[in-house]
Each structure stands twice: as C-alpha cells, then as structure tokens.
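Working notes for the structure below.
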Amino acid sequence: MIERETLPYRPAAGIMLLNRDGKVFVAQRLDSSLEAWQMPQGGLDKGEDPEDGALRELEEETGIRPERVEILARNPVELLYDLPDDLLGKIWKGRYRGQRQHWFLARFLGRDEDVNIDTAEPEFRAWKWAEPAELPSMIVPFKKKLYEDVLAAFADWL
C-alpha cells in the first residue's frame, strides 16, 4: 500500500492557449477512453524553467512551435492536484502523488493548420477549441478544481 502523504508532487507546467476568438485549445488523450478533454501540460525536466517547459510540452503534444504563441500571463502560484486512488502508484513509475503545476496563458498566433497532434510521440487522439467556461466540465473529475483555479487565475484575460 502506497502512503500518499510520503510522495512528492511532480513538477509540471501547463498552457491555456487562446485562439483569436478567445476559445481554448483542448485535446483528448490517446491513453484514455474517457471523453475528457485537457489543455496541454506535462512534467518539467530537472532544472528546466517552467515557461520553457510549458512551451516544450506544447510543441511536443501539439506541434505548435514557440514562435507561434505569445505568453500573456503567468499564474503567480503553483496549482496542485492529487491523483485518485486508482491511479496512485500506477503512473509516473509510482513516484508522485500528483502534480504541482505552473500555468501560463498564451495567445495562439498561428492557424489551425499549424496544429499537428500526430507528433513523434503522440499523446492526443483529437483536438478542438472550447469555450473557457466549459473547461471544468470537460476535464477528468480529479482535475476539475485545478481547471477552476486556472480559469480564476486568468479571468481578467478571458
């Protein structure tokens, strides 16, 4: 039995990417059969700057190059989420209880044709632009509070 309290949070970063219409990029994970949609996010490499990591994750997951985005804001505090019991010990080699994430708000400067989720190591099976207010109802339940916190952090921009 894994003791949740003894595990650290995985350092991570995420990007809320807005298009010209103020909609947010979301995608469905390949490794999940759920109808859930999420924003680009992922773990930081040791010593990696959070903004650099967020832009790297965005490119790795969506094919969107850093020069096609403009960072508008950074949430001043890290946001946390805990894995549910059924995933604890199963992902990230069982080393983490959840993630502590740096979140960035960015404007997409490119066109839809610049998005390519068929990357070298694909993570998503589908993508779309969504209304910001829809995000909490689209994400897996254990990340709902996190997405509400991201929306609150960037509310002045949305």
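In the structure tokens, the first chain shown is A, the next is B, and so on; residue numbers restart at 1 for each chain, and ligands run from 1 in the order shown.
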
Subject >> Lys23 of chain A surroundings by only C-alpha atoms, 8 Å radius, close-in-sequence under 5 positions cut, as number ranges by chain >> reply: A: 18, 129-132

Dump of N, CA and C atoms for the selected residues, as a PDB file, in the first residue's frame:
ATOM      1  N   LEU A  18      -5.162  30.414 -26.116  1.00  0.00           N
ATOM      2  CA  LEU A  18      -6.357  31.057 -26.666  1.00  0.00           C
ATOM      3  C   LEU A  18      -6.192  31.339 -28.153  1.00  0.00           C
ATOM      4  N   TRP A 129     -11.206  23.643 -30.253  1.00  0.00           N
ATOM      5  CA  TRP A 129     -11.251  24.896 -29.492  1.00  0.00           C
ATOM      6  C   TRP A 129     -12.533  24.883 -28.676  1.00  0.00           C
ATOM      7  N   ALA A 130     -12.435  25.245 -27.382  1.00  0.00           N
ATOM      8  CA  ALA A 130     -13.589  25.190 -26.481  1.00  0.00           C
ATOM      9  C   ALA A 130     -13.764  26.524 -25.765  1.00  0.00           C
ATOM     10  N   GLU A 131     -14.984  26.781 -25.348  1.00  0.00           N
ATOM     11  CA  GLU A 131     -15.270  27.965 -24.533  1.00  0.00           C
ATOM     12  C   GLU A 131     -14.611  27.783 -23.169  1.00  0.00           C
ATOM     13  N   PRO A 132     -13.952  28.828 -22.643  1.00  0.00           N
ATOM     14  CA  PRO A 132     -13.302  28.699 -21.333  1.00  0.00           C
ATOM     15  C   PRO A 132     -14.233  28.174 -20.244  1.00  0.00           C
TER      16      PRO A 132
END

Could you list, with a cut-off of 9 Å and counting only C-alpha atoms, the residues of segment 79-132 of chain A near segment 28-33 of chain A, each shown with its nearest atom pair and the distance in Å rounded to one decimal, rows sorted by chain and ascending number, as a tab-separated table?
residue	atom	partner	partner_atom	distance
A:Pro122	CA	A:Leu30	CA	7.6
A:Glu123	CA	A:Leu30	CA	5.4
A:Phe124	CA	A:Arg29	CA	4.3
A:Arg125	CA	A:Leu30	CA	5.2
A:Ala126	CA	A:Gln28	CA	5.4
A:Trp127	CA	A:Gln28	CA	6.4

Would you save the residues from that selection as a PDB file, in the first residue's frame, using N, CA and C atoms?
ATOM      1  N   PRO A 122       2.994  10.685 -30.099  1.00  0.00           N
ATOM      2  CA  PRO A 122       1.646  11.247 -29.944  1.00  0.00           C
ATOM      3  C   PRO A 122       1.052  10.994 -28.558  1.00  0.00           C
ATOM      4  N   GLU A 123       0.392  12.024 -28.030  1.00  0.00           N
ATOM      5  CA  GLU A 123      -0.303  11.908 -26.749  1.00  0.00           C
ATOM      6  C   GLU A 123      -1.809  12.098 -26.890  1.00  0.00           C
ATOM      7  N   PHE A 124      -2.234  12.722 -28.016  1.00  0.00           N
ATOM      8  CA  PHE A 124      -3.641  13.053 -28.193  1.00  0.00           C
ATOM      9  C   PHE A 124      -4.229  12.370 -29.415  1.00  0.00           C
ATOM     10  N   ARG A 125      -5.563  12.110 -29.352  1.00  0.00           N
ATOM     11  CA  ARG A 125      -6.270  11.493 -30.481  1.00  0.00           C
ATOM     12  C   ARG A 125      -7.188  12.471 -31.202  1.00  0.00           C
ATOM     13  N   ALA A 126      -7.506  13.589 -30.544  1.00  0.00           N
ATOM     14  CA  ALA A 126      -8.381  14.591 -31.149  1.00  0.00           C
ATOM     15  C   ALA A 126      -8.140  15.917 -30.446  1.00  0.00           C
ATOM     16  N   TRP A 127      -8.471  17.021 -31.145  1.00  0.00           N
ATOM     17  CA  TRP A 127      -8.339  18.342 -30.529  1.00  0.00           C
ATOM     18  C   TRP A 127      -9.441  19.252 -31.047  1.00  0.00           C
TER      19      TRP A 127
END

Original post:
Per DSSP on the backbone, what are the helix (DSSP H, G or I) residues of chain A, as a ChimeraX atom specification?
Top reply: /A:4-6,50-62,66-68,92-94,112-114,132-138,141-153,155-157

Put those residues in a file: C-alpha atoms, as a PDB file, in the first residue's frame.
ATOM      1  CA  ARG A   4       0.047   9.171  -0.418  1.00  0.00           C
ATOM      2  CA  GLU A   5       1.463  11.617   2.147  1.00  0.00           C
ATOM      3  CA  THR A   6       5.010  10.280   1.693  1.00  0.00           C
ATOM      4  CA  PRO A  50       8.679  26.485 -16.174  1.00  0.00           C
ATOM      5  CA  GLU A  51       7.929  28.729 -19.171  1.00  0.00           C
ATOM      6  CA  ASP A  52      10.460  26.853 -21.318  1.00  0.00           C
ATOM      7  CA  GLY A  53       8.939  23.573 -20.148  1.00  0.00           C
ATOM      8  CA  ALA A  54       5.408  24.709 -20.923  1.00  0.00           C
ATOM      9  CA  LEU A  55       6.426  25.744 -24.448  1.00  0.00           C
ATOM     10  CA  ARG A  56       8.329  22.459 -24.923  1.00  0.00           C
ATOM     11  CA  GLU A  57       5.309  20.432 -23.807  1.00  0.00           C
ATOM     12  CA  LEU A  58       3.047  22.454 -26.092  1.00  0.00           C
ATOM     13  CA  GLU A  59       5.262  21.686 -29.090  1.00  0.00           C
ATOM     14  CA  GLU A  60       5.725  18.016 -28.165  1.00  0.00           C
ATOM     15  CA  GLU A  61       1.984  17.473 -27.755  1.00  0.00           C
ATOM     16  CA  THR A  62       0.531  19.717 -30.482  1.00  0.00           C
ATOM     17  CA  PRO A  66       7.065  28.524 -29.626  1.00  0.00           C
ATOM     18  CA  GLU A  67       7.204  31.352 -32.169  1.00  0.00           C
ATOM     19  CA  ARG A  68       3.503  30.717 -32.885  1.00  0.00           C
ATOM     20  CA  TRP A  92       4.991   8.183 -13.301  1.00  0.00           C
ATOM     21  CA  LYS A  93       6.532   4.922 -12.008  1.00  0.00           C
ATOM     22  CA  GLY A  94       4.627   5.420  -8.756  1.00  0.00           C
ATOM     23  CA  ASP A 112      -5.360  25.723 -37.235  1.00  0.00           C
ATOM     24  CA  GLU A 113      -3.146  24.141 -39.917  1.00  0.00           C
ATOM     25  CA  ASP A 114      -0.158  24.728 -37.591  1.00  0.00           C
ATOM     26  CA  PRO A 132     -13.302  28.699 -21.333  1.00  0.00           C
ATOM     27  CA  ALA A 133     -16.390  28.254 -19.133  1.00  0.00           C
ATOM     28  CA  GLU A 134     -16.796  24.667 -20.434  1.00  0.00           C
ATOM     29  CA  LEU A 135     -13.342  23.520 -19.265  1.00  0.00           C
ATOM     30  CA  PRO A 136     -14.213  22.248 -15.747  1.00  0.00           C
ATOM     31  CA  SER A 137     -16.972  20.003 -17.119  1.00  0.00           C
ATOM     32  CA  MET A 138     -14.697  18.614 -19.871  1.00  0.00           C
ATOM     33  CA  PRO A 141     -13.096  14.753 -12.412  1.00  0.00           C
ATOM     34  CA  PHE A 142      -9.907  14.745 -10.318  1.00  0.00           C
ATOM     35  CA  LYS A 143      -8.604  17.810 -12.203  1.00  0.00           C
ATOM     36  CA  LYS A 144     -11.863  19.814 -12.071  1.00  0.00           C
ATOM     37  CA  LYS A 145     -10.776  22.046  -9.136  1.00  0.00           C
ATOM     38  CA  LEU A 146      -7.416  22.663 -10.847  1.00  0.00           C
ATOM     39  CA  TYR A 147      -9.182  23.857 -14.008  1.00  0.00           C
ATOM     40  CA  GLU A 148     -11.484  26.099 -11.957  1.00  0.00           C
ATOM     41  CA  ASP A 149      -8.347  27.581 -10.350  1.00  0.00           C
ATOM     42  CA  VAL A 150      -6.724  28.147 -13.772  1.00  0.00           C
ATOM     43  CA  LEU A 151      -9.875  29.919 -15.000  1.00  0.00           C
ATOM     44  CA  ALA A 152      -9.941  32.099 -11.879  1.00  0.00           C
ATOM     45  CA  ALA A 153      -6.243  32.950 -12.269  1.00  0.00           C
ATOM     46  CA  ALA A 155     -10.289  35.534 -15.527  1.00  0.00           C
ATOM     47  CA  ASP A 156      -9.232  39.121 -16.345  1.00  0.00           C
ATOM     48  CA  TRP A 157      -7.935  37.932 -19.728  1.00  0.00           C
TER      49      TRP A 157
END

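Near Ile71 of chain A, within 7 Å and counting only C-alpha atoms, sit A:Val69, A:Ala73, A:Phe104, A:Leu105, A:Ala106, A:Arg107; same-chain residues fewer than 2 positions away were not included.
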
Could the residues in this selection be saved with N, CA and C atoms as a short mmCIF file (atom, residue, chain, number, x, y, z; two decimals), in the first residue's frame?
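Okay, this is what ended up in out-v9.cif:
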data_model
loop_
_atom_site.label_atom_id
_atom_site.label_comp_id
_atom_site.auth_asym_id
_atom_site.auth_seq_id
_atom_site.Cartn_x
_atom_site.Cartn_y
_atom_site.Cartn_z
N VAL A 69 3.26 31.33 -30.52
CA VAL A 69 2.50 31.71 -29.33
C VAL A 69 3.11 32.94 -28.67
N ALA A 73 0.35 35.84 -19.69
CA ALA A 73 0.34 35.89 -18.23
C ALA A 73 0.86 34.58 -17.65
N PHE A 104 0.47 28.99 -17.55
CA PHE A 104 0.68 30.16 -18.41
C PHE A 104 -0.53 30.34 -19.30
N LEU A 105 -0.84 31.60 -19.58
CA LEU A 105 -1.88 31.95 -20.55
C LEU A 105 -1.16 32.45 -21.78
N ALA A 106 -1.54 31.93 -22.94
CA ALA A 106 -0.86 32.31 -24.18
C ALA A 106 -1.87 32.53 -25.30
N ARG A 107 -1.49 33.40 -26.22
CA ARG A 107 -2.29 33.64 -27.42
C ARG A 107 -1.67 32.86 -28.58
#

Subject >> Filtered DSSP result for chain A, state strand (DSSP E), as a PyMOL selection string >> reply: chain A and resi 9-18+24-29+41-43+69-74+79-82+98-108+124-130

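The coordinates place atom CA of Gly14 of chain A at 16.5 Å from atom CA of Gly47 of chain A.
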
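Atom CA of Leu7 of chain A sits 26.1 Å away from atom CA of Ala36 of chain A.
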
Subject >> Residue contacts of Lys46 of chain A (10 Å, only C-alpha atoms) excluding same-chain residues fewer than 3 positions away, as a PyMOL selection string >> reply: chain A and resi 11+43+49

Go ahead and write the selection's residues with N, CA and C atoms as a PDB file, in the first residue's frame.
ATOM      1  N   PRO A  11       6.877  18.119 -10.484  1.00  0.00           N
ATOM      2  CA  PRO A  11       6.937  19.470 -11.049  1.00  0.00           C
ATOM      3  C   PRO A  11       6.431  19.453 -12.497  1.00  0.00           C
ATOM      4  N   GLY A  43       5.226  17.248 -17.376  1.00  0.00           N
ATOM      5  CA  GLY A  43       6.290  17.344 -16.392  1.00  0.00           C
ATOM      6  C   GLY A  43       7.456  18.192 -16.854  1.00  0.00           C
ATOM      7  N   ASP A  49      13.308  25.723 -16.708  1.00  0.00           N
ATOM      8  CA  ASP A  49      12.477  26.880 -16.451  1.00  0.00           C
ATOM      9  C   ASP A  49      11.024  26.528 -16.787  1.00  0.00           C
TER      10      ASP A  49
END
